[in-house]
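Shown next: upload_12.cif, given as mmCIF, C-alpha atoms and all ligand atoms.
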```cif
data_query
#
loop_
_atom_site.label_atom_id
_atom_site.label_comp_id
_atom_site.auth_asym_id
_atom_site.auth_seq_id
_atom_site.Cartn_x
_atom_site.Cartn_y
_atom_site.Cartn_z
CA MET A 1 -19.40 -28.73 -13.19
CA ALA A 2 -22.17 -27.76 -10.75
CA VAL A 3 -22.50 -24.00 -10.42
CA GLY A 4 -23.62 -22.97 -6.92
CA PRO A 5 -25.51 -19.81 -5.96
CA ALA A 6 -22.41 -18.25 -4.38
CA TRP A 7 -20.48 -18.64 -7.63
CA ALA A 8 -23.37 -17.23 -9.64
CA ALA A 9 -23.59 -14.28 -7.26
CA ALA A 10 -19.84 -13.74 -7.56
CA GLY A 11 -20.10 -13.76 -11.35
CA ALA A 12 -22.99 -11.33 -11.30
CA CYS A 13 -21.11 -9.02 -8.97
CA ARG A 14 -18.03 -9.15 -11.21
CA ARG A 15 -20.12 -8.30 -14.25
CA VAL A 16 -21.70 -5.39 -12.36
CA LEU A 17 -18.24 -4.13 -11.42
CA GLN A 18 -16.89 -4.47 -14.95
CA ARG A 19 -19.89 -2.74 -16.45
CA ALA A 20 -19.77 -0.04 -13.82
CA PHE A 21 -16.17 0.82 -14.52
CA SER A 22 -16.45 0.78 -18.27
CA LEU A 23 -19.03 3.54 -18.03
CA HIS A 24 -16.69 5.47 -15.85
CA LYS A 25 -17.49 9.16 -15.57
CA ALA A 26 -21.26 9.10 -15.75
CA HIS A 27 -21.66 6.85 -12.74
CA SER A 28 -18.44 7.55 -10.87
CA VAL A 29 -20.06 8.14 -7.46
CA LYS A 30 -22.15 4.96 -7.72
CA ASN A 31 -19.13 2.98 -8.97
CA MET A 32 -16.93 4.15 -6.11
CA GLU A 33 -19.63 3.10 -3.65
CA THR A 34 -19.97 -0.35 -5.29
CA THR A 35 -16.24 -0.94 -5.00
CA LEU A 36 -15.96 0.48 -1.49
CA GLN A 37 -18.68 -1.96 -0.45
CA LEU A 38 -16.42 -4.80 -1.63
CA VAL A 39 -13.44 -3.21 0.13
CA ARG A 40 -15.46 -3.29 3.37
CA ASN A 41 -15.79 -7.06 2.93
CA ILE A 42 -12.04 -7.61 3.08
CA ILE A 43 -11.51 -5.82 6.38
CA PRO A 44 -10.88 -8.48 8.99
CA PRO A 45 -13.37 -8.45 11.86
CA LEU A 46 -12.13 -7.65 15.32
CA THR A 47 -12.48 -10.87 17.26
CA SER A 48 -10.99 -12.46 20.34
CA LYS A 49 -10.47 -15.69 18.37
CA LYS A 50 -7.49 -14.42 16.41
CA HIS A 51 -3.95 -15.46 17.05
CA LYS A 52 -0.92 -13.23 17.03
CA GLY A 53 0.09 -11.92 13.64
CA GLN A 54 -3.06 -12.98 11.81
CA ASP A 55 -4.02 -9.51 10.62
CA GLY A 56 -0.65 -8.59 9.29
CA ARG A 57 2.93 -7.56 9.75
CA ILE A 58 4.29 -5.21 7.13
CA GLY A 59 7.94 -4.63 6.22
CA ILE A 60 9.15 -1.37 4.67
CA VAL A 61 12.39 -1.52 2.66
CA GLY A 62 13.76 2.02 2.46
CA GLY A 63 15.43 4.79 4.41
CA CYS A 64 18.92 6.13 3.74
CA GLN A 65 21.06 9.13 4.68
CA GLU A 66 18.96 11.60 2.66
CA TYR A 67 15.47 10.23 3.22
CA THR A 68 14.18 9.19 6.60
CA GLY A 69 10.72 10.75 6.41
CA ALA A 70 9.44 8.55 3.56
CA PRO A 71 9.94 5.13 5.23
CA TYR A 72 8.60 6.58 8.49
CA PHE A 73 5.42 7.79 6.76
CA ALA A 74 4.93 4.41 5.07
CA ALA A 75 5.56 2.46 8.26
CA ILE A 76 3.40 4.63 10.51
CA SER A 77 0.49 4.59 8.07
CA ALA A 78 0.59 0.77 8.04
CA LEU A 79 0.66 0.90 11.80
CA LYS A 80 -2.25 3.29 12.02
CA VAL A 81 -4.66 1.51 9.69
CA PRO A 82 -7.22 0.45 12.28
CA PHE A 83 -8.11 -3.10 13.23
CA SER A 84 -4.63 -4.27 12.40
CA GLN A 85 -2.97 -6.85 14.57
CA LEU A 86 -2.56 -6.11 18.25
CA PRO A 87 0.77 -7.22 19.67
CA SER A 88 0.68 -10.20 21.92
CA CYS A 89 2.14 -10.02 25.42
CA SER A 90 4.21 -13.10 24.56
CA GLU A 91 6.17 -11.13 21.93
CA PRO A 92 9.82 -10.66 22.94
CA PRO A 93 10.17 -7.30 24.75
CA ALA A 94 12.86 -6.11 22.34
CA VAL A 95 10.38 -5.93 19.49
CA VAL A 96 7.10 -5.16 21.25
CA GLN A 97 6.37 -1.49 21.73
CA GLY A 98 3.01 -0.05 22.61
CA PRO A 99 -0.13 -1.78 23.88
CA CYS A 100 -0.44 -5.55 24.02
CA ARG A 101 -3.39 -7.93 23.73
CA ALA A 102 -4.37 -9.22 27.12
CA GLY A 103 -8.07 -9.80 26.62
CA PRO A 104 -9.45 -6.30 27.33
CA ALA A 105 -13.12 -5.47 26.88
CA LEU A 106 -14.09 -4.39 23.37
CA SER A 107 -14.25 -0.71 24.26
CA GLN A 108 -10.74 -0.83 25.71
CA LEU A 109 -9.59 -2.78 22.69
CA LEU A 110 -10.86 -0.10 20.35
CA VAL A 111 -8.94 2.51 22.30
CA LEU A 112 -5.79 0.41 22.02
CA VAL A 113 -6.25 -0.02 18.30
CA SER A 114 -6.64 3.68 17.77
CA GLN A 115 -3.30 4.13 19.52
CA GLY A 116 -1.61 1.90 17.01
CA ALA A 117 -0.39 -1.68 16.92
CA ASP A 118 2.92 -3.49 16.50
CA LEU A 119 3.23 -4.52 12.91
CA SER A 120 5.62 -2.27 11.00
CA HIS A 121 9.23 -3.26 10.43
CA VAL A 122 11.58 -0.86 8.64
CA PHE A 123 14.70 -2.20 6.89
CA CYS A 124 16.99 0.78 6.27
CA THR A 125 20.66 1.82 6.29
CA GLN A 126 22.71 2.11 9.47
CA GLU A 127 22.71 5.90 9.38
CA ALA A 128 18.97 6.21 8.88
CA ALA A 129 17.97 3.80 11.64
CA PRO A 130 18.40 5.99 14.76
CA VAL A 131 16.64 8.86 13.02
CA ILE A 132 13.63 6.73 12.06
CA LYS A 133 13.47 5.15 15.52
CA SER A 134 13.44 8.60 17.08
CA TYR A 135 10.30 9.56 15.15
CA SER A 136 8.31 6.76 16.75
CA PRO A 137 9.03 4.26 19.49
CA GLU A 138 6.40 2.02 17.91
CA LEU A 139 8.42 1.16 14.82
CA ILE A 140 10.77 -1.82 14.66
CA VAL A 141 13.84 -0.64 12.80
CA HIS A 142 16.52 -2.92 11.33
CA PRO A 143 19.76 -1.11 10.28
CA VAL A 144 20.74 -3.74 7.71
CA LEU A 145 20.21 -2.43 4.20
CA ASP A 146 23.79 -1.29 3.54
CA ARG A 147 25.41 -4.35 5.07
CA PRO A 148 27.01 -6.99 2.83
CA SER A 149 24.66 -9.40 4.63
CA ALA A 150 21.55 -7.31 3.86
CA VAL A 151 19.74 -10.01 1.88
CA PRO A 152 20.08 -12.82 4.45
CA ASN A 153 19.38 -10.33 7.24
CA VAL A 154 16.05 -9.32 5.70
CA GLU A 155 15.34 -12.89 4.56
CA GLU A 156 15.43 -13.97 8.19
CA TRP A 157 12.35 -11.81 8.84
CA LEU A 158 10.40 -12.72 5.73
CA PRO A 159 8.61 -15.73 7.24
CA ARG A 160 7.10 -13.32 9.78
CA LEU A 161 5.96 -10.69 7.28
CA HIS A 162 2.70 -10.66 5.32
CA ALA A 163 3.59 -7.90 2.85
CA LEU A 164 6.58 -5.80 1.86
CA VAL A 165 6.64 -2.15 0.74
CA VAL A 166 9.79 -1.48 -1.25
CA GLY A 167 11.20 1.92 -2.13
CA PRO A 168 10.07 4.84 0.07
CA GLY A 169 13.24 6.81 0.84
CA LEU A 170 15.48 4.08 -0.52
CA GLY A 171 17.64 6.39 -2.64
CA ARG A 172 19.52 5.26 -5.72
CA ASP A 173 22.85 4.05 -4.40
CA ASP A 174 23.99 1.09 -6.52
CA THR A 175 24.95 -1.09 -3.57
CA LEU A 176 21.59 -0.57 -1.88
CA LEU A 177 19.71 -1.24 -5.11
CA GLU A 178 21.69 -4.44 -5.63
CA ASN A 179 20.68 -5.58 -2.13
CA VAL A 180 17.06 -4.73 -2.83
CA LYS A 181 17.18 -6.88 -5.96
CA GLY A 182 18.11 -9.83 -3.75
CA ILE A 183 15.36 -8.96 -1.26
CA LEU A 184 12.80 -8.83 -4.07
CA GLU A 185 13.89 -12.23 -5.38
CA ALA A 186 13.74 -13.74 -1.89
CA SER A 187 10.27 -12.26 -1.27
CA LYS A 188 8.93 -13.55 -4.59
CA ALA A 189 10.28 -17.01 -3.80
CA ARG A 190 8.15 -16.90 -0.63
CA ASP A 191 5.12 -15.58 -2.51
CA ILE A 192 4.98 -12.43 -0.35
CA PRO A 193 2.86 -9.56 -1.70
CA ILE A 194 5.04 -6.58 -2.63
CA VAL A 195 4.09 -2.91 -3.02
CA ILE A 196 6.72 -1.01 -5.02
CA ASP A 197 6.98 2.77 -4.81
CA ALA A 198 9.45 5.64 -5.27
CA ASP A 199 13.06 4.44 -5.77
CA GLY A 200 11.80 0.87 -5.91
CA LEU A 201 10.12 1.94 -9.15
CA TRP A 202 13.41 3.41 -10.33
CA LEU A 203 14.95 -0.04 -9.84
CA VAL A 204 12.07 -1.74 -11.68
CA ALA A 205 12.46 0.70 -14.58
CA GLN A 206 16.10 -0.47 -14.91
CA HIS A 207 15.19 -4.15 -14.48
CA PRO A 208 11.52 -4.84 -15.30
CA ALA A 209 12.22 -8.59 -15.21
CA LEU A 210 12.43 -8.24 -11.42
CA ILE A 211 8.65 -8.14 -11.13
CA GLN A 212 7.55 -9.27 -14.59
CA GLY A 213 4.50 -11.52 -14.19
CA TYR A 214 4.54 -11.46 -10.38
CA ARG A 215 0.81 -11.25 -9.69
CA LYS A 216 1.27 -10.27 -6.06
CA ALA A 217 3.06 -7.02 -6.93
CA VAL A 218 1.46 -3.57 -6.94
CA LEU A 219 3.31 -0.56 -8.38
CA THR A 220 2.32 2.93 -7.20
CA PRO A 221 3.95 5.47 -9.56
CA ASN A 222 3.34 9.21 -9.42
CA HIS A 223 3.13 11.12 -12.69
CA VAL A 224 6.88 11.22 -13.35
CA GLU A 225 7.54 7.67 -12.15
CA PHE A 226 4.77 6.42 -14.43
CA SER A 227 6.31 8.05 -17.52
CA ARG A 228 9.74 6.70 -16.63
CA LEU A 229 8.41 3.17 -16.17
CA SER A 230 6.24 3.24 -19.29
CA GLU A 231 9.10 4.45 -21.45
CA ALA A 232 11.40 1.77 -20.04
CA VAL A 233 8.90 -1.07 -20.42
CA LEU A 234 6.88 -0.12 -23.52
CA ARG A 235 9.68 1.76 -25.25
CA ASP A 236 7.41 4.53 -26.50
CA PRO A 237 6.27 7.85 -25.00
CA VAL A 238 3.14 7.80 -22.81
CA ASP A 239 -0.13 8.76 -24.46
CA GLY A 240 -1.17 11.53 -22.08
CA SER A 241 -4.64 11.77 -23.59
CA ASP A 242 -5.85 8.39 -22.32
CA HIS A 243 -4.67 7.65 -18.78
CA ARG A 244 -6.82 4.56 -18.43
CA GLU A 245 -5.41 2.89 -21.51
CA ALA A 246 -1.84 3.93 -20.63
CA VAL A 247 -2.13 2.30 -17.20
CA ARG A 248 -3.78 -0.83 -18.60
CA ARG A 249 -1.04 -1.20 -21.22
CA LEU A 250 1.77 -0.87 -18.70
CA SER A 251 0.17 -3.41 -16.40
CA GLN A 252 -0.36 -5.82 -19.26
CA ALA A 253 3.21 -5.40 -20.52
CA LEU A 254 4.48 -6.22 -17.02
CA GLY A 255 2.51 -9.46 -17.01
CA ASN A 256 -0.61 -8.11 -15.26
CA VAL A 257 1.17 -6.67 -12.27
CA THR A 258 -1.29 -4.21 -10.67
CA VAL A 259 -0.43 -0.57 -11.41
CA VAL A 260 -1.78 2.45 -9.48
CA GLN A 261 -1.08 5.73 -11.24
CA LYS A 262 -1.48 8.50 -8.66
CA GLY A 263 -2.83 11.86 -9.72
CA GLU A 264 -5.89 14.07 -9.81
CA ARG A 265 -7.76 10.79 -10.15
CA ASP A 266 -5.92 7.60 -9.29
CA VAL A 267 -6.07 5.09 -12.15
CA ILE A 268 -5.74 1.44 -11.18
CA SER A 269 -5.39 -1.55 -13.49
CA ASP A 270 -4.43 -5.21 -13.54
CA GLY A 271 -4.11 -5.18 -17.32
CA GLU A 272 -7.75 -6.23 -17.72
CA GLN A 273 -10.01 -4.05 -15.60
CA VAL A 274 -9.39 -0.35 -15.05
CA LEU A 275 -10.74 1.44 -11.99
CA GLU A 276 -10.57 5.11 -11.06
CA CYS A 277 -10.49 6.54 -7.58
CA ALA A 278 -12.03 9.99 -7.51
CA GLN A 279 -12.58 10.20 -3.75
CA GLU A 280 -12.43 13.88 -2.82
CA GLY A 281 -8.96 14.74 -1.51
CA SER A 282 -7.39 18.17 -1.36
CA SER A 283 -5.32 20.50 -3.48
CA ARG A 284 -2.45 20.43 -1.01
CA ARG A 285 0.48 18.59 -2.57
CA CYS A 286 2.97 18.24 0.28
CA GLY A 287 5.61 15.49 0.07
CA GLY A 288 4.93 12.17 1.77
CA GLN A 289 1.33 11.54 0.71
CA GLY A 290 2.49 8.81 -1.67
CA ASP A 291 4.41 7.18 1.18
CA LEU A 292 1.21 7.14 3.21
CA LEU A 293 -0.48 5.37 0.33
CA SER A 294 2.19 2.69 -0.04
CA GLY A 295 2.14 1.84 3.69
CA ALA A 296 -1.66 1.63 3.90
CA LEU A 297 -1.71 -0.40 0.69
CA GLY A 298 0.69 -2.94 2.20
CA VAL A 299 -1.90 -3.70 4.89
CA LEU A 300 -4.88 -3.75 2.54
CA VAL A 301 -3.11 -6.01 0.04
CA HIS A 302 -2.56 -8.55 2.78
CA TRP A 303 -6.17 -8.31 3.96
CA ALA A 304 -7.53 -8.62 0.41
CA LEU A 305 -5.44 -11.69 -0.44
CA HIS A 306 -6.26 -13.24 2.91
CA ALA A 307 -10.01 -12.56 2.63
CA GLY A 308 -10.66 -15.21 0.00
CA PRO A 309 -12.94 -15.18 -3.06
CA GLU A 310 -16.19 -15.34 -1.08
CA LYS A 311 -15.38 -11.90 0.35
CA THR A 312 -14.07 -10.32 -2.85
CA ASN A 313 -16.97 -11.67 -4.93
CA GLY A 314 -14.66 -12.68 -7.74
CA SER A 315 -13.07 -9.23 -8.11
CA SER A 316 -9.30 -8.90 -8.17
CA PRO A 317 -8.19 -8.60 -4.52
CA LEU A 318 -5.35 -6.29 -5.46
CA LEU A 319 -7.65 -3.90 -7.34
CA LEU A 320 -9.90 -3.71 -4.28
CA ALA A 321 -6.93 -3.16 -1.99
CA ALA A 322 -5.66 -0.36 -4.23
CA MET A 323 -9.06 1.28 -4.39
CA GLY A 324 -9.35 1.10 -0.60
CA ALA A 325 -5.90 2.58 0.03
CA CYS A 326 -6.32 5.38 -2.53
CA SER A 327 -9.71 6.32 -1.08
CA LEU A 328 -8.29 6.30 2.43
CA VAL A 329 -5.34 8.57 1.63
CA ARG A 330 -7.51 11.03 -0.28
CA GLN A 331 -10.07 11.12 2.54
CA CYS A 332 -7.21 11.77 5.02
CA SER A 333 -6.02 14.61 2.81
CA ARG A 334 -9.51 16.10 2.66
CA GLN A 335 -10.03 15.94 6.43
CA ALA A 336 -6.56 17.30 7.22
CA PHE A 337 -7.07 20.15 4.76
CA GLN A 338 -10.41 21.07 6.38
CA LYS A 339 -8.53 21.56 9.66
CA HIS A 340 -5.18 22.95 8.56
CA GLY A 341 -5.74 24.47 5.11
CA ARG A 342 -2.59 25.41 3.23
CA SER A 343 -0.35 24.49 6.15
CA THR A 344 -1.44 20.82 5.97
CA THR A 345 1.45 18.36 6.10
CA THR A 346 1.60 14.59 5.83
CA THR A 347 1.81 14.36 9.63
CA ASP A 348 -1.62 16.04 9.81
CA MET A 349 -2.92 13.43 7.38
CA ILE A 350 -1.59 10.58 9.50
CA ALA A 351 -3.67 11.87 12.40
CA GLU A 352 -6.73 11.44 10.18
CA VAL A 353 -6.15 7.77 9.27
CA GLY A 354 -8.40 6.41 12.03
CA PRO A 355 -11.32 8.84 11.53
CA ALA A 356 -11.08 8.58 7.71
CA PHE A 357 -11.11 4.79 7.93
CA ARG A 358 -14.26 4.87 10.05
CA ILE A 359 -16.04 7.23 7.65
CA LEU A 360 -15.17 5.18 4.58
CA PHE A 361 -15.31 1.63 5.78
CA GLU A 362 -17.36 1.45 8.93
CA THR A 363 -20.51 3.29 7.93
N1 LIG A 401 10.28 13.36 3.74
C1 LIG A 401 10.88 12.46 2.96
O1 LIG A 401 11.84 11.81 3.34
C2 LIG A 401 10.34 12.22 1.60
C3 LIG A 401 11.15 11.53 0.73
N2 LIG A 401 10.73 11.18 -0.49
C4 LIG A 401 11.62 10.32 -1.24
O2 LIG A 401 12.37 11.09 -2.15
C5 LIG A 401 12.92 10.20 -3.12
C6 LIG A 401 12.72 10.78 -4.49
O3 LIG A 401 11.31 10.84 -4.76
P1 LIG A 401 10.68 11.82 -5.85
O4 LIG A 401 9.21 11.67 -5.79
O5 LIG A 401 11.25 13.19 -5.66
O6 LIG A 401 11.14 11.16 -7.20
P2 LIG A 401 12.05 11.71 -8.40
O7 LIG A 401 13.39 12.00 -7.89
O8 LIG A 401 11.89 10.75 -9.49
O9 LIG A 401 11.39 13.09 -8.80
C7 LIG A 401 10.15 13.17 -9.28
C8 LIG A 401 9.93 14.63 -9.54
O10 LIG A 401 8.68 14.73 -10.17
C9 LIG A 401 7.94 15.76 -9.61
N3 LIG A 401 6.51 15.41 -9.73
C10 LIG A 401 5.79 14.60 -8.95
N4 LIG A 401 4.53 14.52 -9.39
C11 LIG A 401 4.47 15.33 -10.47
C12 LIG A 401 3.44 15.68 -11.37
N5 LIG A 401 2.20 15.21 -11.22
N6 LIG A 401 3.76 16.50 -12.39
C13 LIG A 401 5.00 16.99 -12.55
N7 LIG A 401 6.03 16.69 -11.72
C14 LIG A 401 5.75 15.89 -10.71
C15 LIG A 401 8.38 15.83 -8.17
O11 LIG A 401 8.18 17.12 -7.66
C16 LIG A 401 9.84 15.45 -8.27
O12 LIG A 401 10.64 16.59 -8.45
C17 LIG A 401 12.22 8.86 -2.91
O13 LIG A 401 13.04 8.01 -2.16
C18 LIG A 401 11.03 9.24 -2.09
O14 LIG A 401 10.51 8.16 -1.35
C19 LIG A 401 9.37 11.43 -0.95
O15 LIG A 401 8.63 10.26 -0.68
C20 LIG A 401 8.76 12.63 -0.26
C21 LIG A 401 8.97 12.65 1.23
N1 LIG A 402 -3.86 16.54 -8.41
C1 LIG A 402 -4.26 15.79 -7.37
N2 LIG A 402 -5.46 15.99 -6.80
C2 LIG A 402 -5.87 15.26 -5.75
N3 LIG A 402 -5.14 14.26 -5.21
C3 LIG A 402 -3.94 14.00 -5.75
C4 LIG A 402 -3.42 14.74 -6.86
N4 LIG A 402 -2.20 14.27 -7.17
C5 LIG A 402 -1.96 13.28 -6.30
N5 LIG A 402 -3.00 13.10 -5.45
C6 LIG A 402 -3.11 12.14 -4.35
O1 LIG A 402 -2.00 12.29 -3.49
C7 LIG A 402 -1.50 11.02 -3.09
C8 LIG A 402 -0.02 10.98 -3.41
O2 LIG A 402 0.20 11.15 -4.78
P1 LIG A 402 1.48 11.89 -5.33
O3 LIG A 402 1.38 11.98 -6.80
O4 LIG A 402 1.70 13.15 -4.54
O5 LIG A 402 2.57 10.81 -4.91
P2 LIG A 402 4.13 11.00 -4.72
O6 LIG A 402 4.67 12.06 -5.63
O7 LIG A 402 4.71 9.65 -4.83
O8 LIG A 402 4.21 11.48 -3.20
P3 LIG A 402 5.49 11.50 -2.24
O9 LIG A 402 5.76 12.92 -1.97
O10 LIG A 402 5.06 10.74 -1.02
O11 LIG A 402 6.60 10.80 -2.94
C9 LIG A 402 -2.30 9.96 -3.82
O12 LIG A 402 -3.20 9.37 -2.91
C10 LIG A 402 -3.08 10.73 -4.87
O13 LIG A 402 -4.38 10.25 -4.97
MG MG A 403 6.59 9.08 -4.01
#
```
Could you write out this structure as structure tokens?
Amino acid sequence: MAVGPAWAAAGACRRVLQRAFSLHKAHSVKNMETTLQLVRNIIPPLTSKKHKGQDGRIGIVGGCQEYTGAPYFAAISALKVPFSQLPSCSEPPAVVQGPCRAGPALSQLLVLVSQGADLSHVFCTQEAAPVIKSYSPELIVHPVLDRPSAVPNVEEWLPRLHALVVGPGLGRDDTLLENVKGILEASKARDIPIVIDADGLWLVAQHPALIQGYRKAVLTPNHVEFSRLSEAVLRDPVDGSDHREAVRRLSQALGNVTVVQKGERDVISDGEQVLECAQEGSSRRCGGQGDLLSGALGVLVHWALHAGPEKTNGSSPLLLAAMGACSLVRQCSRQAFQKHGRSTTTTDMIAEVGPAFRILFET
């Protein structure tokens, strides 16, 4: 087979990346920069040639009586990641909220983007819906998750969604979890990328077969969720002395599903490569930062898979997406902490998504 220069360049870049991350600590700053350069490649350019929906619509599955903040944080962070899709004026008024695309000059367009765009759908319980809607008029909220018809109700929207984030604020009610099983199966059948977090991970720990071998899934466990999952899947206690190997093993056991273990450093693996995100964040550990990550990751996963191999230079798109989202959330945390110190909350971090994105990916 003829090997072209682009392929050779891709191979060389992959080897550089692999070598870079196997020598992790010594070159961590350089490695982060190498990967962030690839992340920049997957960000879709802002152009007037795009059609409605091309840059992504994200669905969040979560939100119940107890937890309304988590799905809101995930949905609003997906909405705030800049250069996402602008709503078209031809969208039905019932679902379009916020600015629409009517051919404004670039400067106006940038202002509109920084105000947010219509792309986040939340699928939650009846009780949670009015609460989530009241946080933001920009979110599209479907009160369907506790209905007997939940699966077909969500399935109806799947053709219009580019990625699903499952679990923030879902809770652990058996009926809801049963519905989410059906939603996961329907999404896999359509080959939709799925980010699984929080109670979605609880469900996966009970039924690992749900995502076993699904290469378009990314799991984002925190410390406790990671231990729970590892024990369920590997059936032995986690080796706390080697995070990288523990994450790689879990990913491999799940059939190379991408795993992002959040912590002081975020460890990311697809069962083969292992990356670490050591972007400076902050010491503030308020609730909701993980939800911010899962929402942003939903957008980046779509962008990375959509970008194609010439943009990712042969690297795993999901690893790049994870590295991008982790860096973004940590940078938001750092900037928010500089302004608000110990009183920083996740809402302060959301306000930093646009500026953090520019610093990381547009310089
Ligand atoms: N405002 C909201 O509505 C929020 C709701 N949340 C939701 O709350 C539900 C339960 O989530 P939990 O994260 O509490 O999950 P769990 O109920 O599994 O609890 C995990 C526990 O581990 C602790 N933990 C986390 N990281 C740790 C670490 N590094 N070392 C030691 N302990 C650690 C947490 O404090 C928590 O008590 C989920 O649906 C989640 O999405 C959270 O996302 C936070 C914000
Ligand atoms: N010790 C730490 N130092 C710096 N950043 C951290 C630390 N622990 C977690 N983070 C960052 O905080 C973000 C959320 O991780 P965390 O472990 O708090 O998730 P979580 O428990 O799921 O959050 P949530 O409250 O939303 O459920 C991640 O981007 C991660 O990089
Ligand atoms: Mg969480």
Give the answer as one residue: which of A:Leu293, A:Leu318, A:Ala205, A:Val81 has the shortest atom-to-atom distance to ligand LIG 402 (chain A), using all atoms listed in the file?
->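 Comparing A:Leu293, A:Leu318, A:Ala205, A:Val81 against ligand LIG 402 (chain A), the winner is A:Leu293.
With a cut-off of 6 Å and using only C-alpha atoms and all ligand atoms, the polymer residues contacting ligand LIG 401 (chain A) are Tyr67, Thr68, Gly69, Ala70, Pro168, Gly169, Leu170, Gly171, Ala198, Asp199, Asn222, His223, Val224, Glu225, Gly287, Gly288 and Asp291 of chain A.
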Choose the residue, out of A:Pro208, A:Pro71, A:Pro137, A:Gly290, that has the smallest atom-to-atom separation from ligand MG 403 (chain A); count all atoms listed in the file.
->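 Residue with the minimum atom-to-atom distance to ligand MG 403 (chain A): A:Gly290.
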For a quick check of your reading of the model, name the residues lying within 6 Å of the coordinate (-9.7, 3.8, -6.0), counting all atoms listed in the file, and write them as a PDB file with C-alpha atoms, in the frame of the given file.
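Writing the result to part-v8.pdb gives the following:
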```pdb
ATOM      1  CA  GLU A 276     -10.570   5.110 -11.060  1.00  0.00           C
ATOM      2  CA  CYS A 277     -10.490   6.540  -7.580  1.00  0.00           C
ATOM      3  CA  MET A 323      -9.060   1.280  -4.390  1.00  0.00           C
ATOM      4  CA  CYS A 326      -6.320   5.380  -2.530  1.00  0.00           C
ATOM      5  CA  SER A 327      -9.710   6.320  -1.080  1.00  0.00           C
TER       6      SER A 327
END
```
Among A:Val301, A:Ala129, A:Val166, A:Val233, Pro193 in chain A is approached most closely, using all atoms listed in the file, by A:Val301
Residue with smallest distance to ligand LIG 402 (chain A) - pool A:Asn41, A:Gln279, A:Gln126, A:Asn31, counting only C-alpha atoms and all ligand atoms =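 Looking at the shortest contact to ligand LIG 402 (chain A), the residue is A:Gln279.
With distances restricted to only C-alpha atoms, A:Leu184 is the closest residue to Leu203 in chain A from A:Ala356, A:Pro148, A:Leu184, A:Cys64.
Straight-line separation from atom O11 of ligand LIG 402 (chain A) to CA of Arg265 in chain A: 16.1 Å.
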In Å, with one decimal, what is the gap from CA of Ile58 in chain A to CA of Gln212 in chain A?
-> 22.3 Å
Which residue gives the smallest distance to ligand LIG 402 (chain A) among A:Gly271, A:Gly324, A:Pro159, A:Gly255, with all atoms listed in the file counted?
->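 Smallest distance to ligand LIG 402 (chain A) is found for A:Gly324.
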Grab all the atoms of ligand LIG 402 (chain A) that the file lists, wrap them in a box along x, y and z, add 5 Å per side, and give me centre plus edge lengths in Å (one decimal) as JSON.
```
{"center_x": 0.4, "center_y": 13.0, "center_z": -4.7, "size_x": 22.5, "size_y": 17.2, "size_z": 17.4}
```
Quick one: everything within 8 Å of range 341-352 of chain A, counting only C-alpha atoms, minus sequence neighbours fewer than 5 positions away in the same chain. Send it as a list in words.
-> Phe73, Ile76, Ser77, Lys80, Arg284, Cys286, Gly287, Gly288, Gln289, Leu292, Val329, Cys332, Ser333, Gln335 and Ala336 of chain A
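Relative to CA of Glu155 in chain A, CA of Thr175 in chain A is found at 17.3 Å.
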Do a neighbour search on range 179-181 of chain A at 12 Å with only C-alpha atoms, toss out local chain neighbours closer than 6 positions, and write the hits as number ranges by chain.
-> A: 60-62, 123-125, 144-155, 164-167, 170-173, 187-188, 196, 199-204, 206-211
